[in-house]
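Student: This one is data22.txt, compact mmCIF, C-alpha atoms.
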# COMPACT_ATOMS: atom_id res chain seq x y z
CA MET A 72 105.96 114.40 92.47
CA ARG A 73 104.69 110.82 92.66
CA THR A 74 102.38 109.03 90.25
CA LEU A 75 100.99 105.58 90.98
CA TYR A 76 99.61 103.46 88.15
CA HIS A 77 96.88 101.28 89.59
CA LEU A 78 93.78 99.26 88.81
CA TRP A 79 90.53 98.87 90.79
CA LEU A 80 90.52 95.80 93.00
CA CYS A 81 94.23 95.14 92.48
CA PRO A 82 95.32 94.27 96.05
CA PHE A 83 98.96 95.11 95.27
CA ALA A 84 98.09 98.64 94.10
CA ARG A 85 95.89 99.06 97.20
CA LYS A 86 98.83 98.01 99.36
CA VAL A 87 100.97 100.82 97.93
CA ARG A 88 98.11 103.36 98.22
CA ILE A 89 97.72 102.53 101.94
CA VAL A 90 101.49 102.79 102.54
CA LEU A 91 101.74 106.18 100.76
CA ALA A 92 98.80 107.45 102.85
CA GLU A 93 100.23 106.07 106.12
CA LYS A 94 103.49 107.87 105.36
CA LYS A 95 101.59 111.05 104.36
CA LEU A 96 103.29 111.12 100.94
CA PRO A 97 101.11 112.90 98.36
CA PHE A 98 100.63 111.17 94.99
CA GLU A 99 98.47 111.12 91.91
CA LEU A 100 96.60 108.01 90.83
CA GLU A 101 96.54 106.94 87.20
CA LEU A 102 94.20 104.16 86.18
CA GLU A 103 96.02 101.71 83.90
CA LYS A 104 93.84 99.30 81.94
CA VAL A 105 96.54 96.65 81.85
CA TRP A 106 94.62 94.45 79.40
CA GLU A 107 95.14 97.13 76.70
CA ARG A 108 98.92 96.45 76.91
CA ARG A 109 99.85 100.06 76.08
CA ASP A 110 103.38 100.34 74.70
CA GLU A 111 104.18 103.33 76.94
CA PHE A 112 103.18 101.34 80.01
CA LEU A 113 105.10 98.22 78.94
CA ALA A 114 108.17 100.45 78.60
CA LEU A 115 107.72 101.39 82.27
CA ASN A 116 107.13 97.80 83.41
CA PRO A 117 107.73 94.91 81.00
CA THR A 118 105.53 92.62 83.13
CA GLY A 119 102.59 94.84 82.14
CA GLU A 120 101.31 94.75 85.71
CA VAL A 121 100.32 97.43 88.22
CA PRO A 122 101.38 98.93 90.59
CA VAL A 123 104.13 101.09 89.12
CA LEU A 124 105.33 104.15 91.02
CA ILE A 125 107.00 107.08 89.25
CA VAL A 126 109.00 109.42 91.46
CA SER A 127 110.05 112.71 89.83
CA GLY A 128 112.59 114.82 91.65
CA GLU A 129 112.88 118.59 91.60
CA ASP A 130 116.19 118.35 89.78
CA GLU A 131 116.93 117.42 86.19
CA ASN A 132 117.40 113.72 86.87
CA PRO A 133 115.14 111.36 84.96
CA PRO A 134 112.18 110.12 87.04
CA LEU A 135 112.66 106.92 89.03
CA VAL A 136 110.38 104.08 87.91
CA ILE A 137 109.65 101.33 90.44
CA ALA A 138 107.63 98.23 89.63
CA ASP A 139 106.43 95.48 92.00
CA SER A 140 104.59 96.28 95.22
CA THR A 141 107.27 94.82 97.50
CA ALA A 142 110.04 96.81 95.78
CA ILE A 143 107.90 99.98 96.03
CA CYS A 144 107.01 99.49 99.71
CA GLU A 145 110.63 98.72 100.68
CA TYR A 146 111.73 101.85 98.77
CA LEU A 147 109.15 104.02 100.58
CA GLU A 148 110.22 102.51 103.91
CA GLU A 149 113.90 103.30 103.19
CA THR A 150 113.41 106.83 101.90
CA SER A 151 110.67 108.28 104.10
CA CYS A 152 111.02 109.55 107.63
CA GLY A 153 108.44 109.01 110.30
CA LEU A 154 106.27 105.95 110.86
CA SER A 155 107.95 102.62 110.14
CA LEU A 156 105.74 99.85 108.81
CA LEU A 157 108.42 97.16 109.12
CA GLY A 158 109.14 97.01 112.84
CA GLU A 159 111.99 98.09 115.04
CA ASN A 160 114.62 95.37 114.64
CA ALA A 161 115.64 92.51 112.37
CA PRO A 162 113.63 89.72 114.09
CA GLU A 163 110.47 91.91 114.08
CA ARG A 164 111.01 92.74 110.42
CA ALA A 165 111.47 89.03 109.61
CA GLU A 166 108.08 88.23 111.17
CA ILE A 167 106.36 91.19 109.45
CA ARG A 168 107.87 90.25 106.06
CA ARG A 169 106.84 86.59 106.57
CA LEU A 170 103.22 87.65 107.04
CA THR A 171 103.36 90.21 104.23
CA ALA A 172 104.42 87.40 101.90
CA TRP A 173 101.64 85.23 103.41
CA TYR A 174 98.96 87.71 102.27
CA ASP A 175 100.66 88.74 99.01
CA LEU A 176 101.24 85.15 97.87
CA LYS A 177 99.23 82.57 99.79
CA PHE A 178 96.03 84.53 100.49
CA GLN A 179 96.12 86.02 96.97
CA ARG A 180 96.46 82.57 95.35
CA GLU A 181 94.03 80.72 97.61
CA VAL A 182 91.30 83.35 98.05
CA THR A 183 91.51 86.51 95.93
CA VAL A 184 92.20 84.81 92.60
CA ASN A 185 89.30 82.42 93.23
CA LEU A 186 86.79 85.10 94.22
CA VAL A 187 87.68 88.53 92.77
CA ASP A 188 89.23 87.32 89.52
CA GLU A 189 86.34 84.91 88.92
CA LYS A 190 83.53 87.31 89.81
CA VAL A 191 84.84 90.66 88.57
CA SER A 192 87.79 90.35 86.19
CA LYS A 193 86.18 87.58 84.09
CA ARG A 194 82.92 89.54 83.77
CA PHE A 195 84.77 92.76 82.99
CA LEU A 196 86.88 91.18 80.28
CA GLY A 197 84.06 89.03 78.85
CA LEU A 198 85.86 85.78 79.72
CA GLY A 199 82.70 83.81 80.50
CA ALA A 200 80.88 82.74 83.65
CA PRO A 201 82.70 82.37 86.99
CA SER A 202 83.83 78.84 87.80
CA SER A 203 81.68 77.51 90.65
CA SER A 204 84.45 75.16 91.82
CA ALA A 205 86.91 78.09 92.05
CA ILE A 206 84.38 80.08 94.08
CA ARG A 207 83.75 77.13 96.41
CA ALA A 208 87.51 76.75 96.92
CA GLY A 209 87.86 80.50 97.58
CA HIS A 210 85.15 80.39 100.26
CA ALA A 211 86.64 77.34 101.95
CA ASN A 212 90.14 78.84 101.97
CA MET A 213 88.80 82.20 103.21
CA SER A 214 87.54 80.61 106.43
CA VAL A 215 90.97 79.09 107.12
CA HIS A 216 92.59 82.50 106.59
CA LEU A 217 90.09 84.31 108.84
CA ALA A 218 90.75 81.71 111.54
CA TYR A 219 94.50 82.42 111.20
CA ILE A 220 93.85 86.16 111.62
CA GLU A 221 91.96 85.33 114.82
CA TYR A 222 94.83 83.11 116.00
CA LEU A 223 97.31 85.97 115.48
CA ILE A 224 95.11 88.68 116.95
CA GLU A 225 94.50 86.70 120.14
CA ARG A 226 98.26 86.86 120.71
CA ARG A 227 99.17 90.35 119.42
CA LYS A 228 97.62 93.78 119.01
CA TRP A 229 98.17 93.79 115.24
CA LEU A 230 98.92 90.93 112.82
CA GLY A 231 102.70 91.39 112.75
CA GLY A 232 103.23 92.44 116.37
CA GLU A 233 102.37 95.28 118.75
CA SER A 234 102.29 97.96 116.02
CA PHE A 235 100.35 98.44 112.81
CA SER A 236 102.65 97.15 110.03
CA MET A 237 103.01 95.95 106.44
CA ALA A 238 101.41 92.66 107.58
CA ASP A 239 98.15 94.53 108.33
CA VAL A 240 98.48 96.57 105.13
CA SER A 241 98.89 93.49 102.91
CA ALA A 242 96.06 91.62 104.65
CA ALA A 243 93.71 94.64 104.47
CA ALA A 244 94.58 95.23 100.81
CA GLN A 245 93.51 91.67 99.95
CA LEU A 246 90.48 91.59 102.26
CA SER A 247 89.17 94.96 101.07
CA CYS A 248 88.95 93.54 97.53
CA ILE A 249 87.01 90.49 98.72
CA ASP A 250 84.79 92.67 100.90
CA TYR A 251 83.97 94.78 97.82
CA VAL A 252 82.36 91.70 96.28
CA ASP A 253 80.73 90.94 99.69
CA ASP A 254 82.39 87.57 100.14
CA VAL A 255 83.81 87.81 103.67
CA PRO A 256 81.80 85.90 106.32
CA TRP A 257 82.64 88.47 109.01
CA GLU A 258 79.84 87.35 111.35
CA ASN A 259 81.55 83.96 111.88
CA PHE A 260 84.87 85.56 112.85
CA PRO A 261 84.20 88.34 115.39
CA GLU A 262 87.87 88.85 116.33
CA ALA A 263 88.93 89.16 112.70
CA LYS A 264 86.02 91.57 112.15
CA SER A 265 87.09 93.68 115.10
CA TRP A 266 90.69 93.81 113.76
CA TYR A 267 89.40 94.88 110.31
CA ALA A 268 87.17 97.55 111.93
CA ARG A 269 90.29 99.00 113.54
CA VAL A 270 92.08 98.97 110.15
CA LYS A 271 89.09 100.58 108.39
CA SER A 272 89.01 103.43 110.87
CA ARG A 273 92.54 104.54 109.88
CA PRO A 274 92.60 107.62 107.62
CA SER A 275 94.88 105.74 105.17
CA MET A 276 91.95 103.43 104.36
CA ARG A 277 89.48 106.19 103.42
CA PRO A 278 90.40 106.45 99.72
CA ILE A 279 90.27 102.64 99.41
CA LEU A 280 86.83 102.58 101.00
CA ALA A 281 85.66 105.38 98.66
CA ASP A 282 86.52 103.34 95.54
CA HIS A 283 83.57 102.76 93.21
CA ILE A 284 84.00 100.57 90.16
CA PRO A 285 81.69 101.67 87.33
CA GLY A 286 78.78 99.22 87.09
CA ILE A 287 79.79 97.21 90.19
CA PRO A 288 78.66 99.00 93.36
CA PRO A 289 80.10 97.74 96.68
CA PRO A 290 77.82 96.38 99.43
CA LYS A 291 76.51 98.93 101.97
CA HIS A 292 78.81 97.85 104.79
CA TYR A 293 81.95 98.14 102.60
CA ALA A 294 82.87 101.70 103.58
CA ASN A 295 81.44 101.65 107.11
CA PRO A 296 84.00 101.18 109.94
CA ASP A 297 81.14 100.11 112.28
CA PHE A 298 79.92 97.34 110.00
CA MET B 188 124.03 78.05 114.68
CA ARG B 189 121.86 78.13 111.58
CA THR B 190 119.70 75.34 110.17
CA LEU B 191 118.00 75.63 106.81
CA TYR B 192 115.06 73.37 105.97
CA HIS B 193 115.11 72.80 102.22
CA LEU B 194 113.97 70.53 99.43
CA TRP B 195 115.79 69.46 96.23
CA LEU B 196 114.91 71.62 93.23
CA CYS B 197 113.08 74.19 95.36
CA PRO B 198 114.33 77.46 93.81
CA PHE B 199 113.48 79.43 96.95
CA ALA B 200 115.58 77.19 99.17
CA ARG B 201 118.42 77.39 96.61
CA LYS B 202 118.16 81.20 96.74
CA VAL B 203 118.79 81.15 100.50
CA ARG B 204 121.62 78.60 100.19
CA ILE B 205 123.40 80.85 97.67
CA VAL B 206 122.93 83.95 99.86
CA LEU B 207 124.26 82.15 102.97
CA ALA B 208 127.30 80.99 100.97
CA GLU B 209 127.90 84.45 99.43
CA LYS B 210 127.86 85.92 102.94
CA LYS B 211 130.11 83.11 104.23
CA LEU B 212 127.60 82.19 106.95
CA PRO B 213 127.91 78.52 107.93
CA PHE B 214 124.70 76.50 108.17
CA GLU B 215 123.35 72.97 108.28
CA LEU B 216 120.91 71.69 105.70
CA GLU B 217 117.88 69.65 106.72
CA LEU B 218 115.85 67.97 104.00
CA GLU B 219 112.13 68.48 104.68
CA LYS B 220 109.74 66.25 102.76
CA VAL B 221 106.99 68.86 102.81
CA TRP B 222 104.38 66.45 101.43
CA GLU B 223 104.57 64.46 104.70
CA ARG B 224 103.17 67.53 106.51
CA ARG B 225 105.07 66.82 109.74
CA ASP B 226 103.44 68.49 112.72
CA GLU B 227 106.79 69.72 114.04
CA PHE B 228 107.50 71.42 110.72
CA LEU B 229 104.01 72.95 110.44
CA ALA B 230 104.59 74.44 113.88
CA LEU B 231 107.68 76.17 112.47
CA ASN B 232 105.90 77.34 109.30
CA PRO B 233 102.12 77.01 109.01
CA THR B 234 102.34 77.28 105.20
CA GLY B 235 104.17 73.94 105.26
CA GLU B 236 106.68 75.25 102.72
CA VAL B 237 110.47 75.44 102.59
CA PRO B 238 112.74 77.34 103.06
CA VAL B 239 112.66 77.91 106.80
CA LEU B 240 115.77 79.21 108.56
CA ILE B 241 116.38 78.61 112.26
CA VAL B 242 118.92 80.89 113.93
CA SER B 243 120.05 79.81 117.41
CA GLY B 244 122.03 82.27 119.45
CA GLU B 245 124.71 81.52 122.01
CA ASP B 246 122.50 82.90 124.78
CA GLU B 247 119.40 81.42 126.36
CA ASN B 248 116.96 83.11 123.98
CA PRO B 249 114.66 80.84 122.01
CA PRO B 250 115.84 80.28 118.42
CA LEU B 251 114.58 82.69 115.77
CA VAL B 252 112.41 81.00 113.12
CA ILE B 253 112.15 82.75 109.73
CA ALA B 254 109.92 81.51 106.93
CA ASP B 255 109.67 82.81 103.34
CA SER B 256 112.76 83.26 101.17
CA THR B 257 112.36 87.04 100.83
CA ALA B 258 112.00 87.51 104.60
CA ILE B 259 115.08 85.29 105.15
CA CYS B 260 117.24 87.06 102.54
CA GLU B 261 116.28 90.53 103.82
CA TYR B 262 117.11 89.36 107.36
CA LEU B 263 120.53 88.06 106.28
CA GLU B 264 121.18 91.31 104.42
CA GLU B 265 120.31 93.37 107.51
CA THR B 266 122.24 91.32 110.04
CA SER B 267 125.43 90.32 108.21
CA CYS B 268 128.44 92.47 107.55
CA GLY B 269 130.38 92.39 104.32
CA LEU B 270 129.09 91.92 100.82
CA SER B 271 125.72 93.52 100.13
CA LEU B 272 123.47 91.75 97.65
CA LEU B 273 120.93 94.59 97.46
CA GLY B 274 122.90 97.50 96.05
CA GLU B 275 124.31 100.71 97.44
CA ASN B 276 121.33 103.08 97.55
CA ALA B 277 117.52 103.12 97.45
CA PRO B 278 117.09 103.40 93.64
CA GLU B 279 119.57 100.53 93.08
CA ARG B 280 117.77 98.44 95.69
CA ALA B 281 114.40 99.18 94.02
CA GLU B 282 115.71 97.85 90.69
CA ILE B 283 117.30 94.78 92.30
CA ARG B 284 114.10 94.01 94.26
CA ARG B 285 111.99 94.47 91.08
CA LEU B 286 114.07 91.83 89.31
CA THR B 287 114.18 89.54 92.33
CA ALA B 288 110.36 89.57 92.32
CA TRP B 289 110.45 88.99 88.54
CA TYR B 290 112.32 85.69 88.99
CA ASP B 291 110.60 84.65 92.23
CA LEU B 292 107.09 85.24 90.88
CA LYS B 293 106.93 85.60 87.10
CA PHE B 294 109.69 83.19 86.02
CA GLN B 295 108.59 80.69 88.67
CA ARG B 296 104.95 80.76 87.51
CA GLU B 297 105.66 80.86 83.76
CA VAL B 298 108.62 78.46 83.52
CA THR B 299 109.59 76.52 86.65
CA VAL B 300 106.09 75.34 87.59
CA ASN B 301 105.51 74.19 84.00
CA LEU B 302 108.79 72.29 83.67
CA VAL B 303 110.17 71.19 87.05
CA ASP B 304 106.85 70.59 88.79
CA GLU B 305 105.51 68.69 85.79
CA LYS B 306 108.60 66.58 85.14
CA VAL B 307 109.95 65.94 88.64
CA SER B 308 107.44 66.71 91.39
CA LYS B 309 104.57 64.88 89.66
CA ARG B 310 106.70 61.79 89.03
CA PHE B 311 108.09 61.88 92.54
CA LEU B 312 104.67 62.11 94.15
CA GLY B 313 102.99 59.67 91.75
CA LEU B 314 100.62 62.33 90.41
CA GLY B 315 100.53 60.99 86.86
CA ALA B 316 102.20 61.89 83.58
CA PRO B 317 103.48 65.40 82.86
CA SER B 318 101.04 67.63 80.98
CA SER B 319 102.41 68.17 77.46
CA SER B 320 100.63 71.53 77.14
CA ALA B 321 102.25 72.76 80.39
CA ILE B 322 105.67 71.66 79.11
CA ARG B 323 105.11 73.40 75.75
CA ALA B 324 104.10 76.60 77.59
CA GLY B 325 107.17 76.33 79.83
CA HIS B 326 109.50 76.03 76.83
CA ALA B 327 107.88 78.98 75.03
CA ASN B 328 108.04 81.19 78.12
CA MET B 329 111.63 80.14 78.80
CA SER B 330 112.81 81.63 75.50
CA VAL B 331 111.17 84.97 76.34
CA HIS B 332 112.92 84.99 79.72
CA LEU B 333 116.32 84.10 78.26
CA ALA B 334 115.89 86.93 75.74
CA TYR B 335 115.17 89.31 78.65
CA ILE B 336 118.36 88.16 80.41
CA GLU B 337 120.26 88.98 77.19
CA TYR B 338 118.53 92.40 77.01
CA LEU B 339 119.66 93.18 80.57
CA ILE B 340 123.17 91.80 80.24
CA GLU B 341 123.84 93.86 77.08
CA ARG B 342 123.28 96.95 79.24
CA ARG B 343 124.80 95.94 82.60
CA LYS B 344 127.51 93.70 84.00
CA TRP B 345 125.04 91.72 86.14
CA LEU B 346 121.23 91.45 85.96
CA GLY B 347 120.47 94.10 88.58
CA GLY B 348 123.34 96.51 87.85
CA GLU B 349 127.14 96.64 88.00
CA SER B 350 127.46 94.21 90.91
CA PHE B 351 126.37 90.64 91.55
CA SER B 352 123.08 90.92 93.48
CA MET B 353 119.87 89.23 94.65
CA ALA B 354 118.59 89.59 91.07
CA ASP B 355 121.33 87.19 89.87
CA VAL B 356 120.77 84.92 92.88
CA SER B 357 117.01 84.59 92.24
CA ALA B 358 117.48 84.07 88.52
CA ALA B 359 120.23 81.47 89.05
CA ALA B 360 118.18 79.66 91.69
CA GLN B 361 115.32 79.21 89.21
CA LEU B 362 117.51 78.45 86.19
CA SER B 363 119.64 75.89 88.06
CA CYS B 364 116.47 73.87 88.72
CA ILE B 365 115.47 73.95 85.04
CA ASP B 366 119.04 73.13 84.01
CA TYR B 367 118.92 70.08 86.29
CA VAL B 368 116.15 68.69 84.08
CA ASP B 369 118.14 69.80 81.00
CA ASP B 370 115.47 72.15 79.68
CA VAL B 371 117.44 75.36 79.04
CA PRO B 372 118.22 76.00 75.32
CA TRP B 373 121.54 77.67 76.19
CA GLU B 374 122.95 77.35 72.65
CA ASN B 375 120.30 79.79 71.32
CA PHE B 376 121.15 82.44 73.90
CA PRO B 377 124.96 82.86 74.03
CA GLU B 378 124.91 86.03 76.17
CA ALA B 379 122.60 84.45 78.74
CA LYS B 380 124.84 81.37 78.72
CA SER B 381 127.91 83.49 79.30
CA TRP B 382 126.19 85.28 82.24
CA TYR B 383 125.22 81.87 83.74
CA ALA B 384 128.78 80.59 83.28
CA ARG B 385 130.00 83.57 85.37
CA VAL B 386 127.39 82.74 88.04
CA LYS B 387 128.32 79.02 88.04
CA SER B 388 131.98 79.82 88.61
CA ARG B 389 131.20 81.53 91.94
CA PRO B 390 132.08 79.40 94.99
CA SER B 391 128.55 79.99 96.38
CA MET B 392 127.14 77.89 93.52
CA ARG B 393 129.29 74.82 94.20
CA PRO B 394 126.93 73.11 96.68
CA ILE B 395 123.97 73.75 94.35
CA LEU B 396 125.86 72.21 91.43
CA ALA B 397 126.81 69.21 93.57
CA ASP B 398 123.14 68.37 94.30
CA HIS B 399 122.08 64.89 93.24
CA ILE B 400 118.46 63.84 93.58
CA PRO B 401 118.19 60.08 94.17
CA GLY B 402 117.01 58.40 90.97
CA ILE B 403 117.17 61.58 88.86
CA PRO B 404 120.76 62.29 87.78
CA PRO B 405 121.48 65.75 86.30
CA PRO B 406 122.80 66.13 82.73
CA LYS B 407 126.60 66.12 82.32
CA HIS B 408 126.92 69.87 81.73
CA TYR B 409 124.91 70.74 84.87
CA ALA B 410 127.91 71.14 87.21
CA ASN B 411 130.43 72.30 84.62
CA PRO B 412 131.13 76.07 84.55
CA ASP B 413 132.57 75.71 81.02
CA PHE B 414 129.46 74.08 79.60
Let me see the file written as structure tokens.
Tutor:
Amino acid sequence: MRTLYHLWLCPFARKVRIVLAEKKLPFELELEKVWERRDEFLALNPTGEVPVLIVSGEDENPPLVIADSTAICEYLEETSCGLSLLGENAPERAEIRRLTAWYDLKFQREVTVNLVDEKVSKRFLGLGAPSSSAIRAGHANMSVHLAYIEYLIERRKWLGGESFSMADVSAAAQLSCIDYVDDVPWENFPEAKSWYARVKSRPSMRPILADHIPGIPPPKHYANPDF
Amino acid sequence: MRTLYHLWLCPFARKVRIVLAEKKLPFELELEKVWERRDEFLALNPTGEVPVLIVSGEDENPPLVIADSTAICEYLEETSCGLSLLGENAPERAEIRRLTAWYDLKFQREVTVNLVDEKVSKRFLGLGAPSSSAIRAGHANMSVHLAYIEYLIERRKWLGGESFSMADVSAAAQLSCIDYVDDVPWENFPEAKSWYARVKSRPSMRPILADHIPGIPPPKHYANPDF
């Protein structure tokens, strides 16, 4: 039995949802309103952040609690059979992990924080109007990142190499959040768009594309693989 | 042949230096002044950040270039024999990776950026006076983190479990930078101090403790294991 604590538009929770689906591992989703700072949740993860994965065995052992999306994804990679999302050998894994960190850290800081946090989280939590300078910075950085996706995809089938990998998962997790607020200029980056269409057509992306945040509907193209 | 591009007081480069020393892997250090944005370095790592590890084989293959401290440390763990810094099984590794992310992300953002970046990087790059509110926040957060180290060390021999691990390496890499600017209130946290004294006495820490930044000498206790 697996339970994943998540939050809408949290790219790190989306990353774990995609990995669980790619590995065909069933799980239940629990929405955790992290801003409520529930004591029971803080006992699971003192950072107070999602995602947190709980793995309960069939035996009497206490459930395993894993916090942090990288720790969770590495755990799932180590313990599940079948499809690897980290490549075949150490140099491939080094390149895939480099790009995973790129999207988890650099893209998150330069784009997602500036667009999703400003437009959605602030409004949701009543923290005032979005900062126009943050949004301008997010848009400018986004174009640099889409150009880098095009650079990679002109040289490889997928972002991290010849196979679909954690690099694609982390990038899609971030981009799907931005696409939900309709802030990706896909038309200017046809190769990046074509890569994302391939990602969207994977069954692991269906639950992500079916997400609907109460009061904030996604744009029409959000769930459509032929957008 | 291994070459590590680093920068003084970069906790992520220190993390890799400690891991290479723990694994007894010889390497050469190259100082990279990242603010100069050298084209040759950007070609190695488009983020423009250190650490970057170059591994040259004895054969004719092109050297392997690895960027991002987590990608580098996972690579060294996978390819070196001997001492493991990630634990013995998947649940242990999940806990060690959770704490590694804690120090790499949370401690870095809440403490190191507020203290080291404000006091050293700003001065070095002529970016003006340190922000007193950032420094106050850094000090307040530091006490919470030292209390968490004490919480962990009352329950375990090392931060991540019964063995010295990446969790200790990441924590020590961050704390050694703060200690260089003499901003750790060790006397208020005797158990955390005693854990750090054990870390400092490891041979892998010697090169870190011998670091001297031109024009910014460390405090006297910085290099002393019996501080």
Student: Go through chain A and flag each residue having an atom no more than 10 Å from chain B; for those, report the closest pair of atoms plus their distance in Å to one decimal, using only C-alpha atoms, ordered by chain and rising number, as a tab-separated table.
Tutor:
residue	atom	partner	partner_atom	distance
A:Asn116	CA	B:Arg285	CA	9.7
A:Pro117	CA	B:Tyr335	CA	9.6
A:Thr118	CA	B:Trp289	CA	8.2
A:Leu135	CA	B:Pro278	CA	7.3
A:Val136	CA	B:Glu282	CA	8.7
A:Ile137	CA	B:Ala281	CA	6.3
A:Ala138	CA	B:Arg285	CA	5.9
A:Asp139	CA	B:Arg285	CA	5.7
A:Ser140	CA	B:Arg285	CA	8.7
A:Thr141	CA	B:Arg284	CA	7.6
A:Ala142	CA	B:Arg284	CA	5.2
A:Ile143	CA	B:Ala281	CA	6.9
A:Cys144	CA	B:Ala281	CA	9.3
A:Glu145	CA	B:Ala281	CA	7.7
A:Tyr146	CA	B:Ala281	CA	6.1
A:Leu147	CA	B:Ala277	CA	9.0
A:Glu148	CA	B:Ala277	CA	9.8
A:Glu149	CA	B:Ala277	CA	6.8
A:Thr150	CA	B:Ala277	CA	7.1
A:Asn160	CA	B:Glu265	CA	9.3
A:Ala161	CA	B:Tyr262	CA	6.1
A:Pro162	CA	B:Leu251	CA	7.3
A:Glu163	CA	B:Tyr262	CA	9.8
A:Arg164	CA	B:Tyr262	CA	7.6
A:Ala165	CA	B:Ala258	CA	5.3
A:Glu166	CA	B:Ile253	CA	7.0
A:Ile167	CA	B:Ala258	CA	8.3
A:Arg168	CA	B:Ala258	CA	5.2
A:Arg169	CA	B:Ala258	CA	5.6
A:Leu170	CA	B:Asp255	CA	8.9
A:Thr171	CA	B:Ala258	CA	9.1
A:Ala172	CA	B:Asp255	CA	7.1
A:Trp173	CA	B:Thr234	CA	8.2
A:Leu176	CA	B:Leu292	CA	9.1
A:Lys177	CA	B:Thr234	CA	8.2
A:Tyr219	CA	B:Pro233	CA	9.6
Student: Counting all atoms listed in the file, figure out which residue out of A:Ala114, A:Ala244, A:Ala92, A:Ile284 gets nearest to A:Tyr267.
Tutor: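 Of A:Ala114, A:Ala244, A:Ala92, A:Ile284, the one nearest A:Tyr267, counting all atoms listed in the file, is A:Ala244.
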Student: Give me, please, the distance in Å between atom CA of B:Glu341 and atom CA of B:Asp413, quoted to one decimal.
Tutor: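 Those two atoms sit 20.5 Å apart.
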Student: To one decimal in Å, tell me the separation between atom CA of A:Trp257 and atom CA of A:Pro290.
Tutor: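 It comes out at 13.3 Å.
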Student: Using all atoms listed in the file for the distances, tell me which of A:Pro274, A:Gly197, A:Val255, A:Lys264 is nearest to A:Glu221.
Tutor: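 Of A:Pro274, A:Gly197, A:Val255, A:Lys264, the one nearest A:Glu221 is A:Lys264, counting all atoms listed in the file.
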Student: Any idea what the distance is between atom CA of A:Phe112 and atom CA of B:Leu272?
Tutor: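 Distance reported for this atom pair: 28.5 Å.
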Student: Contacts of B:Ser388 at 6 Å or less, counting all atoms listed in the file, minus same-chain residues fewer than 2 places along, as a ChimeraX atom specification?
Tutor: /B:385-386,412
Student: From the options B:Ala358, B:Leu396, B:Leu240, B:Ile365, which residue's atoms come nearest to B:Asn301, counting all atoms listed in the file?
Tutor: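 Nearest candidate to B:Asn301 out of B:Ala358, B:Leu396, B:Leu240, B:Ile365: B:Ile365.
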Student: From the list A:Asp282, A:Glu262, A:Glu233, A:Asp254, which residue is nearest A:Leu157 when using only C-alpha atoms?
Tutor: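 Using only C-alpha atoms, A:Leu157 sits closest to A:Glu233.
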Student: Quick one: everything within 10 Å of B:Lys407, counting only C-alpha atoms, minus sequence neighbours fewer than 5 positions away in the same chain. Send it as a list in words.
Tutor: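 Listed by chain and then number, they are Tyr367, Asp369 and Phe414 of chain B.
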Student: Would you write out those residues with C-alpha atoms, as a PDB file, keeping the file's coordinate frame?
Tutor:
ATOM      1  CA  TYR B 367     118.920  70.080  86.290  1.00  0.00           C
ATOM      2  CA  ASP B 369     118.140  69.800  81.000  1.00  0.00           C
ATOM      3  CA  PHE B 414     129.460  74.080  79.600  1.00  0.00           C
TER       4      PHE B 414
END
Student: So, counting all atoms listed in the file, which residue among B:Ser243, B:Thr299, B:Ser318, B:Ser267 is closest to B:Leu196?
Tutor: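 Result for the nearest residue to B:Leu196: B:Thr299.
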